[in-house]
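Notes to accompany the following structure.
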Number of protein chains: 4
Amino acid sequence: MASHLLHALAGDPETAALLSDAAELAAMLRVEGALALACAEAGLVAPEAAEAVARVCAGFAPDWDALAAGLARDGVVVPELVAQLRRAVGPDFARAVHLGATSQDVVDTGLVLRLGAMLPLLDGRLVRLEAGFATLAARFGRTALMAHTRMQQALPITAGDKIAAWAGPLPRHRARLAGLAPRLLVLQLGGAVGTRDFYGDKAEAVAAALARRLELGLAPSWHSQRDTIGELGAVLALVAGTLGKFGQDVALLAQNEVGALRVAGGGGSSAMAHKSNPVKAEVLVALARQAAGLSGTLQQALVHENERSGAAWTLEWLTLPPLLLACGASLRLAEALLEQISFVDG
Amino acid sequence: MASHLLHALAGDPETAALLSDAAELAAMLRVEGALALACAEAGLVAPEAAEAVARVCAGFAPDWDALAAGLARDGVVVPELVAQLRRAVGPDFARAVHLGATSQDVVDTGLVLRLGAMLPLLDGRLVRLEAGFATLAARFGRTALMAHTRMQQALPITAGDKIAAWAGPLPRHRARLAGLAPRLLVLQLGGAVGTRDFYGDKAEAVAAALARRLELGLAPSWHSQRDTIGELGAVLALVAGTLGKFGQDVALLAQNEVGALRVAGGGGSSAMAHKSNPVKAEVLVALARQAAGLSGTLQQALVHENERSGAAWTLEWLTLPPLLLACGASLRLAEALLEQISFVDG
Amino acid sequence: MASHLLHALAGDPETAALLSDAAELAAMLRVEGALALACAEAGLVAPEAAEAVARVCAGFAPDWDALAAGLARDGVVVPELVAQLRRAVGPDFARAVHLGATSQDVVDTGLVLRLGAMLPLLDGRLVRLEAGFATLAARFGRTALMAHTRMQQALPITAGDKIAAWAGPLPRHRARLAGLAPRLLVLQLGGAVGTRDFYGDKAEAVAAALARRLELGLAPSWHSQRDTIGELGAVLALVAGTLGKFGQDVALLAQNEVGALRVAGGGGSSAMAHKSNPVKAEVLVALARQAAGLSGTLQQALVHENERSGAAWTLEWLTLPPLLLACGASLRLAEALLEQISFVDG
Amino acid sequence: MASHLLHALAGDPETAALLSDAAELAAMLRVEGALALACAEAGLVAPEAAEAVARVCAGFAPDWDALAAGLARDGVVVPELVAQLRRAVGPDFARAVHLGATSQDVVDTGLVLRLGAMLPLLDGRLVRLEAGFATLAARFGRTALMAHTRMQQALPITAGDKIAAWAGPLPRHRARLAGLAPRLLVLQLGGAVGTRDFYGDKAEAVAAALARRLELGLAPSWHSQRDTIGELGAVLALVAGTLGKFGQDVALLAQNEVGALRVAGGGGSSAMAHKSNPVKAEVLVALARQAAGLSGTLQQALVHENERSGAAWTLEWLTLPPLLLACGASLRLAEALLEQISFVDG
């Protein structure tokens, strides 16, 4: 989100860092550097050329304004980035830059590299959240609680039952992320039209070397197959949805008339000094609904025309980052909310 | 969809059969019958009572109008169904009907039973589709084809490259369904508030016996944890999205000016006798977009308040069936489209 | 929705009647009949031919199975319908059937005719709902009520304040429908490619006569401009959203712990005899969320390729009917809920 | 969007300026200043106190970090802003700050003030776009063009027919904005719970004076009635959808094989020097689909619980700004694309 203020409420610094222009550039430079070295391994490029490219990529400070202009003109930032890199490398080694690759290879593999950092971040937070719920259950598990079905009092349960319902999906989410990772965290290398034709009989060697250097799985070019991106979006929305249910329940239980749960450090009001608002719980609900909507829109991008759809690809760029942010923020806020709540004996 | 006409275009009879009122009733009756027998196994019900209930459930013809009225009144059909069953069983054994269970147990487990039939149906069609693409590749794999990126001619590829991109996601979809199945195809048994309290120290025994009888996995009550439903919806949309890309590509390649692909038996026009429209390809795109939207809406239902949310649950009922239908229809139409297309040598 | 059971809970018979295959056929026949007469007025068809066509259309019983097969084959039902009509009219007058028109003219104008019945139905219900809220305010307006902001008690208001918030959007919705009607309720007549070329210098005369006979506004062909359909969908979702807020508030106020509002005739539970569930209130929330999702998906259909997009048009067919139904059902349920609720003095 | 790079492709500086934290703060300060003066007019505040408040608001430089922390804590930025303002005004006049108002009054009225600048911006661009299409029609209107229905060649039309279809919705969009403005551009003043109770018998006087000073319409408090926000979102998506259809058509017509239209200054490729990609056309499609999705999600926020829903309100904050940006960017890109295209005689 563009608003720094709103980011304080509903953002997440760690996720935002992975989504920054700087992080994207760094990932793309890592791909370009590794590609030159992989091409050298396969004998397509002289080792000194590859090392020159890798050296330039390692510490490259781009002309950001020109990158922005290039993106606006070409629909993708890579042509301008490659031009800058070639100038920096110098005419002797320029050919070794971006050899046989296309923009999508660099952007998509760069995305995958950052997702390779995002998945453990999410998993780590899910683990901490599981521990947090366990701690809450240890403290309050036996506290009596009235269950509610269809917004009406049902029968007594315990806070432990409630906490178990909140925490129940977390191991499933971790299993989803674990199942998704080998499908998602794979190299994209296809060249102009996805066939790696440029590399001739060295194609598999280049791809294997590049995947190894980037610590990614090896797979055929998937440039026009966006199901793994859509699947990631769905899992992000499922996580946010689970935490939205947690937030909704907290807000319901913390109603003054119900009073089954207390939220410490609730938000203040500009008009009513007595208010203590369950702000984080409410934001969890908002993020769940935002994520659900974004997930549906991201899946529209599976209808990816031919060998590369500028329309569908741009739609991913507009949709996946806020979805990652919504999920990251949900996890951040759920952890913080866990610190605030205590069950109240009825 | 309510329209029989539209169903002929964009529906799927096999999926529709699993979603019919009759199929839902049959699944719920199977649950009620097996529950009585499971309670008997656990010693909570006399065997003859359980057998009487099972017998009634096996051949029960309900008062449909009363079921509809009950659903409209209670928000769920089970209270009226149970009342009808108890009358049919007679006063001596009436207590053995629906013992310790709640409506959601019957509806959700009944849904899972039908999904247990749906998943193999989907998987079987994915397998057939993989075979269909393989056959197409065997026939046309070497046909030269111009690749298109960003809606412009790129470089030559082969039809085999194109077909590989269409078929590439299919094994991943099968892996998703396989990964989802053990999470999704599990018993829901919770009783009034999800704790199985009614059964006392026989709770695990009843649940285990019921799961065994229904050939479902055993799991704690998940009545308010809807992530597996949301995950199913996402996978359905991913499948439809992949096939929407196939349809979009076919429509683009079959343009008269491109002429890279011929669609036999295209649709006619009421105004232009020369037209041969790639109808199935277009419907695949429509279904992909419908499914993407429904998937996002279904994930809104994860914000499920407390121990049972009438609002969120009803939203699932309004959203999951058309999503299952969209995915089923996509697979049906993709198979049919495969029969129609042939690549044309350039 | 295909399920008759679910329709009893979340459907609406009056809306469903307008969406039935029979109603669609009747509307299309009305268009075909009026078109023949309009062509006769313009001198393009002999009067006796036009009258023969009109007579056949007036009482036509189609071969429904052939219509369904035609729709599946052609992607639109009109080619087969026209073929059936021409056979019924006989060879002498067959040319006078569907003269100069294309499928989309008949389907879209047929839709507009049914929407011309739907808008007053919606408006009439909004009027009744305004009256219902006024009656509720007359009975309970002065009852004290605690306001809640951010799910916490705020300061006292009255039931009248609450009812005013529920009813406030209704006149705006009526204004939206009134503003939309002249844009939406217009003839679609374009012929094969939207230019009315077939009719030559009689084009305006045919269009004007047809619009007059169908009591629709006259407008240039809008076959590929779907903004009025998208706008209708948005208004439907706005109405459902307003009523979803009403339902959500009722469910919150009727919580046992809050007890500010009583819902008579609440739904029963199969497990807990003491429950009285605010079923209609919950379904209003579900319908609002379904409608919001469908509205977003319908707007995807504005990206309508070239002179007719089979994909985008089919997406409308899959999305607009359930959206109309959701809005109709919302209004039906809101009226019924109004009869059930009474505020309780604190 | 947080990415400056992406903003260069798919953003809009003028819209972004209205959505910036600075613009939001300026609007809120304008509300607070005018409120003090309105209270003075109504005799609730001493004129010198009101003028002191207005003076402080006119040139206020907040502690941004504290505002961000306040927003994160309270869920809304106003309590912290009011505290800062009261300190700046000093103890004698502190009471005159934010008198009788609540956070939502300031945030929502501040939003409306910015929307009051956005609507003419949109309208002005729609006017320019109409003129641009008229110019294009003047140049190319008679150029022959093949129409396409269902992705197949239909019959010849002219470029003028095509341009008319692109431009046809624009006056309707302007009518929608004009119809919406008086509903949307109204004061929100309700105080703690929407009743303006604090002001006693001066309530109408304060509201009228505040509306007059802010040049907004006068209306009852609408804090929990979000239909006008949802309606705005829908119109934004309708505009973006129309332009998405324009972009889709341009991309289809500019296909090399079709060649009916040339896009000057197309985007370059990092792999294929011969490419000239219709980047702006593709981004228009992406923005249309993003906007459609966001519009559906925004309508979820109509289910606004009780007198203020933190969840639903936050969801608006997460959804409306990117939707405004998508619409603004669509209009910017459509204007730019118009400059690039020329029809080609067949």
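Chain lettering (A, B, ...) mirrors the order of the structure tokens, residue numbering begins at 1 for each chain separately, and ligand numbering begins at 1 in order of display.
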Per-residue nearest contacts chain D to chain C, cut-off 6 Å, using only C-alpha atoms, as a Markdown table:
```
| residue | atom | partner | partner_atom | distance |
| --- | --- | --- | --- | --- |
| D:His148 | CA | C:Glu307 | CA | 5.5 |
| D:Thr149 | CA | C:Arg308 | CA | 4.4 |
| D:Arg150 | CA | C:Ser309 | CA | 4.9 |
| D:Gly241 | CA | C:Leu302 | CA | 5.1 |
| D:Gly244 | CA | C:Val303 | CA | 5.5 |
| D:Lys245 | CA | C:Val303 | CA | 4.3 |
| D:Asp249 | CA | C:Asn306 | CA | 5.6 |
| D:Arg289 | CA | C:Gln300 | CA | 5.8 |
| D:Ala292 | CA | C:Gly296 | CA | 5.0 |
| D:Gly293 | CA | C:Gly296 | CA | 5.1 |
| D:Ser295 | CA | C:Gly296 | CA | 5.7 |
| D:Gly296 | CA | C:Gly296 | CA | 3.9 |
| D:Gln299 | CA | C:Ala292 | CA | 5.2 |
| D:Gln300 | CA | C:Ala292 | CA | 5.7 |
| D:Leu302 | CA | C:Gly241 | CA | 5.1 |
| D:Val303 | CA | C:Lys245 | CA | 4.3 |
| D:His304 | CA | C:Lys245 | CA | 5.6 |
| D:Glu305 | CA | C:Asp249 | CA | 5.9 |
| D:Asn306 | CA | C:Asp249 | CA | 5.6 |
| D:Glu307 | CA | C:Thr149 | CA | 5.1 |
| D:Arg308 | CA | C:Thr149 | CA | 4.4 |
| D:Ser309 | CA | C:Arg150 | CA | 4.9 |
| D:Gly310 | CA | C:Arg150 | CA | 5.0 |
```
Take the residues from that selection and write them out as a compact mmCIF listing (two decimals), in the first residue's frame, keeping N, CA, C and O atoms.
```
# COMPACT_ATOMS: atom_id res chain seq x y z
N HIS D 148 -15.31 -8.79 -36.03
CA HIS D 148 -15.10 -10.14 -35.51
C HIS D 148 -16.12 -10.43 -34.43
O HIS D 148 -16.26 -9.65 -33.49
N THR D 149 -16.81 -11.53 -34.59
CA THR D 149 -17.71 -11.98 -33.53
C THR D 149 -17.26 -13.38 -33.12
O THR D 149 -16.88 -14.19 -33.96
N ARG D 150 -17.28 -13.60 -31.83
CA ARG D 150 -16.83 -14.88 -31.28
C ARG D 150 -15.45 -15.25 -31.82
O ARG D 150 -15.19 -16.40 -32.15
N GLY D 241 -13.49 -0.93 -16.96
CA GLY D 241 -13.94 -2.03 -17.81
C GLY D 241 -14.11 -1.60 -19.25
O GLY D 241 -13.71 -2.31 -20.19
N GLY D 244 -10.78 -1.27 -20.62
CA GLY D 244 -10.20 -2.59 -20.81
C GLY D 244 -10.67 -3.22 -22.11
O GLY D 244 -9.90 -3.91 -22.79
N LYS D 245 -11.92 -2.98 -22.47
CA LYS D 245 -12.41 -3.47 -23.75
C LYS D 245 -11.68 -2.75 -24.90
O LYS D 245 -11.30 -3.38 -25.89
N ASP D 249 -9.39 -4.80 -27.54
CA ASP D 249 -9.60 -4.68 -28.99
C ASP D 249 -8.33 -4.22 -29.70
O ASP D 249 -7.99 -4.74 -30.77
N ARG D 289 -9.47 -5.71 -15.07
CA ARG D 289 -9.73 -6.92 -14.27
C ARG D 289 -9.42 -6.68 -12.80
O ARG D 289 -10.12 -7.17 -11.92
N ALA D 292 -12.39 -4.65 -11.50
CA ALA D 292 -13.58 -5.47 -11.30
C ALA D 292 -13.49 -6.24 -9.98
O ALA D 292 -14.44 -6.27 -9.20
N GLY D 293 -12.34 -6.83 -9.75
CA GLY D 293 -12.16 -7.58 -8.50
C GLY D 293 -12.27 -6.69 -7.28
O GLY D 293 -12.96 -7.02 -6.31
N SER D 295 -13.78 -3.89 -6.99
CA SER D 295 -15.16 -3.41 -6.83
C SER D 295 -16.01 -4.43 -6.08
O SER D 295 -16.78 -4.08 -5.18
N GLY D 296 -15.85 -5.70 -6.45
CA GLY D 296 -16.59 -6.73 -5.72
C GLY D 296 -16.21 -6.80 -4.26
O GLY D 296 -17.05 -6.96 -3.38
N GLN D 299 -17.66 -3.96 -2.21
CA GLN D 299 -19.07 -4.13 -1.86
C GLN D 299 -19.27 -5.07 -0.67
O GLN D 299 -20.31 -5.02 -0.02
N GLN D 300 -18.28 -5.90 -0.39
CA GLN D 300 -18.35 -6.69 0.86
C GLN D 300 -18.42 -5.76 2.08
O GLN D 300 -18.94 -6.15 3.13
N LEU D 302 -20.20 -3.25 2.56
CA LEU D 302 -21.53 -2.73 2.89
C LEU D 302 -22.11 -3.41 4.14
O LEU D 302 -22.98 -2.84 4.79
N VAL D 303 -21.66 -4.63 4.40
CA VAL D 303 -22.11 -5.33 5.61
C VAL D 303 -21.34 -4.73 6.79
O VAL D 303 -20.37 -5.29 7.29
N HIS D 304 -21.80 -3.57 7.18
CA HIS D 304 -21.11 -2.72 8.15
C HIS D 304 -21.83 -2.85 9.48
O HIS D 304 -22.94 -2.33 9.65
N GLU D 305 -21.22 -3.52 10.45
CA GLU D 305 -21.94 -3.82 11.69
C GLU D 305 -22.25 -2.57 12.51
O GLU D 305 -21.36 -1.75 12.77
N ASN D 306 -23.46 -2.51 12.97
CA ASN D 306 -23.92 -1.52 13.94
C ASN D 306 -23.51 -0.09 13.57
O ASN D 306 -23.57 0.28 12.39
N GLU D 307 -23.09 0.70 14.56
CA GLU D 307 -22.89 2.12 14.30
C GLU D 307 -21.50 2.42 13.72
O GLU D 307 -21.25 3.54 13.25
N ARG D 308 -20.62 1.48 13.77
CA ARG D 308 -19.32 1.64 13.11
C ARG D 308 -18.62 0.29 13.14
O ARG D 308 -18.44 -0.28 14.22
N SER D 309 -18.20 -0.18 11.99
CA SER D 309 -17.50 -1.45 11.90
C SER D 309 -16.04 -1.18 11.58
O SER D 309 -15.71 -0.73 10.48
N GLY D 310 -15.18 -1.45 12.53
CA GLY D 310 -13.75 -1.32 12.24
C GLY D 310 -13.34 -2.22 11.10
O GLY D 310 -12.52 -1.85 10.25
```
With only C-alpha atoms as the counted atoms, please give the residues lying no more than 9 Å from Ala264 (chain C), apart from itself and same-chain residues fewer than 5 positions off, as an mmCIF file with C-alpha atoms, in the first residue's frame.
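The resulting file, selection18.cif, is shown below:
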```cif
data_model
loop_
_atom_site.group_PDB
_atom_site.id
_atom_site.type_symbol
_atom_site.label_atom_id
_atom_site.label_comp_id
_atom_site.auth_asym_id
_atom_site.auth_seq_id
_atom_site.Cartn_x
_atom_site.Cartn_y
_atom_site.Cartn_z
ATOM 1 C CA SER C 276 -34.244 -19.737 18.185
ATOM 2 C CA PRO C 278 -32.164 -15.578 13.376
ATOM 3 C CA LEU C 337 -37.645 -10.434 8.726
ATOM 4 C CA GLU C 339 -42.413 -8.985 10.362
ATOM 5 C CA GLN C 340 -40.449 -11.006 12.863
ATOM 6 C CA ILE C 341 -38.524 -8.443 14.829
ATOM 7 C CA SER C 342 -39.409 -6.374 17.840
#
```
Task: DSSP strand (DSSP E or B) selection over region 44-179 of chain A, as a VMD selection string - done: chain A and resid 144 to 149 152 to 158
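Picture a line from CA of Ser103 (chain C) to CA of Gly43 (chain C); it runs 22.4 Å.
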Open item on the list: Residues within 12 Å of Gly33 (chain C), please, as a PyMOL selection string. Count only C-alpha atoms; anything in the same chain fewer than 2 positions from it doesn't count.
Closed with: chain C and resi 26-31+35-40+49-60+82+85+89+96-99+106+110+210+213-214
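For the atom pair formed by CA of Lys280 (chain A) and CA of Gln255 (chain A), the distance is 14.3 Å, given to one decimal.
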TODO: Tell me, as a PyMOL selection string, which residues lie within 9 Å of Gln84 (chain B), counting only C-alpha atoms; anything in the same chain fewer than 4 positions away does not count.
DONE: chain B and resi 62-63+67+79-80+88-89
TODO: Could you pull out the residues in region 19-251 of chain C that DSSP calls helix (DSSP H, G or I) from the backbone, as a ChimeraX atom specification?
DONE: /C:19,21-41,47-58,64-74,78-89,94-96,103-140,159-167,169-184,197-214,227-251
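With only C-alpha atoms as the atoms that count, the minimum distance from Leu71 (chain C) to the choices B:Arg174, B:His4, B:Arg262, B:Arg332 is reached by B:His4.
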Task: Distance query Leu338 (chain B) at most 10 Å, only C-alpha atoms, self and fewer than 6 positions along chain excluded, as a PyMOL selection string - done: chain B and resi 129+132-133+135-136+246+250+263+280-281
Only N, CA, C and O atoms, please: the residues just picked out, written as a tab-separated table (two decimals), in the first residue's frame.
```
chain	number	residue	atom	x	y	z
B	129	LEU	N	-7.70	-36.26	-19.83
B	129	LEU	CA	-7.26	-35.05	-20.53
B	129	LEU	C	-5.76	-35.13	-20.82
B	129	LEU	O	-5.31	-34.73	-21.90
B	132	GLY	N	-5.47	-37.24	-23.69
B	132	GLY	CA	-5.94	-36.52	-24.88
B	132	GLY	C	-4.87	-35.57	-25.41
B	132	GLY	O	-4.65	-35.49	-26.62
B	133	PHE	N	-4.22	-34.87	-24.52
B	133	PHE	CA	-3.15	-33.97	-24.97
B	133	PHE	C	-1.99	-34.78	-25.56
B	133	PHE	O	-1.37	-34.36	-26.54
B	135	THR	N	-2.21	-37.61	-27.09
B	135	THR	CA	-2.64	-38.03	-28.43
B	135	THR	C	-2.50	-36.89	-29.43
B	135	THR	O	-2.01	-37.06	-30.55
B	136	LEU	N	-2.92	-35.71	-29.00
B	136	LEU	CA	-2.81	-34.54	-29.87
B	136	LEU	C	-1.35	-34.27	-30.22
B	136	LEU	O	-1.02	-33.95	-31.37
B	246	PHE	N	-6.30	-22.83	-22.04
B	246	PHE	CA	-6.41	-23.70	-23.22
B	246	PHE	C	-7.47	-23.13	-24.18
B	246	PHE	O	-7.21	-22.94	-25.38
B	250	VAL	N	-6.91	-21.60	-27.93
B	250	VAL	CA	-7.59	-22.17	-29.10
B	250	VAL	C	-8.33	-21.08	-29.87
B	250	VAL	O	-8.24	-21.00	-31.10
B	263	VAL	N	-11.04	-25.73	-35.69
B	263	VAL	CA	-11.99	-26.31	-34.76
B	263	VAL	C	-13.12	-26.91	-35.57
B	263	VAL	O	-13.91	-26.17	-36.17
B	280	LYS	N	-16.89	-24.01	-27.64
B	280	LYS	CA	-16.41	-24.66	-26.42
B	280	LYS	C	-15.19	-23.93	-25.85
B	280	LYS	O	-15.01	-23.83	-24.64
B	281	ALA	N	-14.35	-23.42	-26.75
B	281	ALA	CA	-13.17	-22.68	-26.29
B	281	ALA	C	-13.60	-21.43	-25.52
B	281	ALA	O	-13.03	-21.09	-24.47
```
TODO: Return the single residue from B:Pro91, B:Gly70, B:Arg86, B:Leu232 that is closest to Gly116 (chain B), with distances computed using only C-alpha atoms.
DONE: B:Leu232
Task: Spatial neighbours of Ala159 (chain C), 6 Å, only C-alpha atoms, chain gap at least 5 places, as an MDAnalysis selection string - done: chainID C and resid 141 143 145
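The space separating CA of Ala137 (chain B) from CA of Ile163 (chain B) comes to 6.5 Å.
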